[in-house]
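The structure under discussion appears below in the form of structure tokens.
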Amino acid sequence: MRQERRLLALDLGTARTRSLSVGGHAIADRPSAVVRRSSPPASHGSDHGSDHGSDHGRDHGNPGREVVRPLRHGMVADPGACLRLVRMAVQDTCHYDPRPLERVLAGVPVAASPSDRRAVRVAVSEIAGCEVRLVEEPLAAAVGVGLDVLDPRPCLLLDVGAGIAEAVAIKEGAVTDAVALQLSTTTSAGLAAYALENVVEMTAGLLRRLPAAERPAARARGLVVTGGGAQQEVLLRRLRAVLRLPVGAAPQPQHATVRGLMRLCLQPALAAGLAASAR
């Protein structure tokens, strides 16, 4: 008898990676980092040993190892390290569901280039050994919070992650307009003041770009904020003050994307239509 196979949702973020298997009881959540043996320190007189502006950092408790962050601004920066991260994320879900994989739905930023998308597909397919579908993360997040993404009236969503913020307009199953801002890694307190204002202005610019005929419906539906940055109350207050429309954070906003990817795993017809825009 053929063994039933499983489906997996995978959200590769700059700071955190989240995975969830169909039938899983909890979202597996791990830092987007791997540890590997480091090369010897640079010789005297060289500044190559500095980690300033790098995604690699020495593990000072163990000089023979370094911590590598495979993703930068939501994109694959180190393919080899990304393979290891994907392997660990897949293994996280094997603890409660050891069946072989049939399909993985993985998120990518709207701003990801074709080569960025190809890097994610290659890494995931090599580890998972199955079909991989890519879905733009704000679209997945909209599904995850229960927005009707097939509605002909546009809805607005702002996804604020650790490395990238994307504001999008969605209607009829597709992202119809989007703006993105690369961010320095955020702290536990959220965005720095200057970055917060840039995100607010970026979102206001998206609203201004909407066709005049669509603006009233978009304003009436309001703005939903997802990602870890949605937990920063000062950001929500500034958005309400500047945009002058309803603004709300999604419940458990950091999990909106992986929840949406899982819902799309369970609705393959809808997923096929949405994923076409991310291929």
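Chain labels run A, B, ... following the order of the structure tokens; each chain numbers its residues from 1, and ligands are numbered from 1 in the order shown.
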Quiz item: What lies within 8 Å of region 26-36 of chain A using only C-alpha atoms, ignoring chain neighbours under 6 positions off, as an NGL selection string?
Solution: :A and (12-20 or 65-71 or 81 or 84-85 or 89 or 92-93)
Practice problem: Check region 31-243 of chain A with DSSP on the backbone and list each residue it calls strand (DSSP E), as a ChimeraX atom specification. | Solution: /A:31,34-37,56-58,65-68,71-72,75-76,101-108,131-136,155-160,164-171,174-182,223-226
Self-check item: Who sits within 10 Å of Leu243 (chain A), only C-alpha atoms, same chain under 2 positions skipped, as a PyMOL selection string
Solution: chain A and resi 200-201+203-205+207-208+219+222-223+238-241+245-247
File of the preceding selection, C-alpha atoms, as a PDB file, in the first residue's frame:
```pdb
ATOM      1  CA  VAL A 200       4.742  54.764   7.229  1.00  0.00           C
ATOM      2  CA  GLU A 201       5.615  57.018   4.283  1.00  0.00           C
ATOM      3  CA  THR A 203       2.627  52.727   2.924  1.00  0.00           C
ATOM      4  CA  ALA A 204       1.087  56.157   2.398  1.00  0.00           C
ATOM      5  CA  GLY A 205       2.698  56.246  -1.030  1.00  0.00           C
ATOM      6  CA  LEU A 207      -2.334  54.300  -0.933  1.00  0.00           C
ATOM      7  CA  ARG A 208      -1.800  57.428  -3.037  1.00  0.00           C
ATOM      8  CA  ARG A 219     -10.006  52.815   2.777  1.00  0.00           C
ATOM      9  CA  GLY A 222      -8.569  49.339   6.140  1.00  0.00           C
ATOM     10  CA  LEU A 223      -4.972  48.158   6.545  1.00  0.00           C
ATOM     11  CA  ARG A 238       1.587  56.448  13.284  1.00  0.00           C
ATOM     12  CA  LEU A 239      -0.100  54.535  10.472  1.00  0.00           C
ATOM     13  CA  ARG A 240      -3.550  55.487  11.771  1.00  0.00           C
ATOM     14  CA  ALA A 241      -2.542  59.134  12.132  1.00  0.00           C
ATOM     15  CA  LEU A 245      -8.104  54.717   7.880  1.00  0.00           C
ATOM     16  CA  PRO A 246      -8.675  51.670  10.113  1.00  0.00           C
ATOM     17  CA  VAL A 247      -5.375  49.948  10.972  1.00  0.00           C
TER      18      VAL A 247
END
```
Quiz item: Near Met202 (chain A), within 9 Å and counting only C-alpha atoms, which residues show up once chain neighbours fewer than 4 positions away are dropped, as an NGL selection string?
Solution: :A and (166-167 or 179-181 or 197-198 or 206-207)
Since we have the selection now, will you write its residues out, keeping N, CA, C and O atoms, as a short mmCIF file (atom, residue, chain, number, x, y, z; two decimals), in the first residue's frame?
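File produced: again33.cif:
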```cif
data_model
loop_
_atom_site.label_atom_id
_atom_site.label_comp_id
_atom_site.auth_asym_id
_atom_site.auth_seq_id
_atom_site.Cartn_x
_atom_site.Cartn_y
_atom_site.Cartn_z
N GLU A 166 7.04 45.14 3.39
CA GLU A 166 6.36 45.23 2.09
C GLU A 166 4.90 45.63 2.31
O GLU A 166 4.19 45.01 3.11
N ALA A 167 4.48 46.67 1.61
CA ALA A 167 3.08 47.09 1.61
C ALA A 167 2.49 46.72 0.26
O ALA A 167 3.10 47.00 -0.78
N VAL A 179 5.11 47.94 -2.69
CA VAL A 179 6.31 48.73 -2.43
C VAL A 179 7.07 48.03 -1.31
O VAL A 179 6.47 47.37 -0.45
N ALA A 180 8.39 48.13 -1.32
CA ALA A 180 9.21 47.42 -0.34
C ALA A 180 10.31 48.31 0.19
O ALA A 180 10.79 49.22 -0.51
N LEU A 181 10.72 48.04 1.41
CA LEU A 181 11.80 48.78 2.04
C LEU A 181 12.69 47.78 2.77
O LEU A 181 12.21 47.02 3.63
N GLU A 197 9.30 55.73 10.41
CA GLU A 197 8.72 56.79 9.58
C GLU A 197 8.83 56.46 8.10
O GLU A 197 7.93 56.77 7.31
N ASN A 198 9.92 55.81 7.70
CA ASN A 198 10.07 55.41 6.30
C ASN A 198 9.01 54.38 5.91
O ASN A 198 8.48 54.41 4.80
N LEU A 206 1.84 53.99 -1.28
CA LEU A 206 1.06 52.94 -1.95
C LEU A 206 -0.41 53.34 -2.03
O LEU A 206 -1.05 53.18 -3.08
N LEU A 207 -0.94 53.88 -0.94
CA LEU A 207 -2.33 54.30 -0.93
C LEU A 207 -2.57 55.40 -1.96
O LEU A 207 -3.58 55.39 -2.69
#
```
Self-check item: All residues 9 Å or closer to region 138-146 of chain A, only C-alpha atoms, same chain fewer than 2 positions away omitted, as an NGL selection string
Solution: :A and (107-110 or 135-136 or 148-149 or 157-159 or 166-168 or 170 or 173-175 or 224 or 226-227 or 250-251 or 253 or 255-264 or 274)
Exercise. As JSON, numbers by chain, list the residues of region 5-197 of chain A assigned to helix (DSSP H, G or I) by DSSP on the backbone atoms of this structure.
Key: {"A": [79, 80, 81, 82, 83, 84, 85, 86, 87, 88, 89, 90, 91, 92, 93, 94, 114, 115, 116, 117, 118, 119, 120, 121, 122, 123, 124, 125, 126, 127, 128, 137, 138, 139, 140, 141, 142, 143, 144, 193, 194, 195, 196, 197]}
Practice problem: Would you mind listing what lies within 8 Å of Pro79 (chain A) as JSON, numbers by chain, with only C-alpha atoms counted and same-chain residues fewer than 2 positions away left out? | Solution: {"A": [70, 76, 77, 81, 82, 83, 119, 123]}
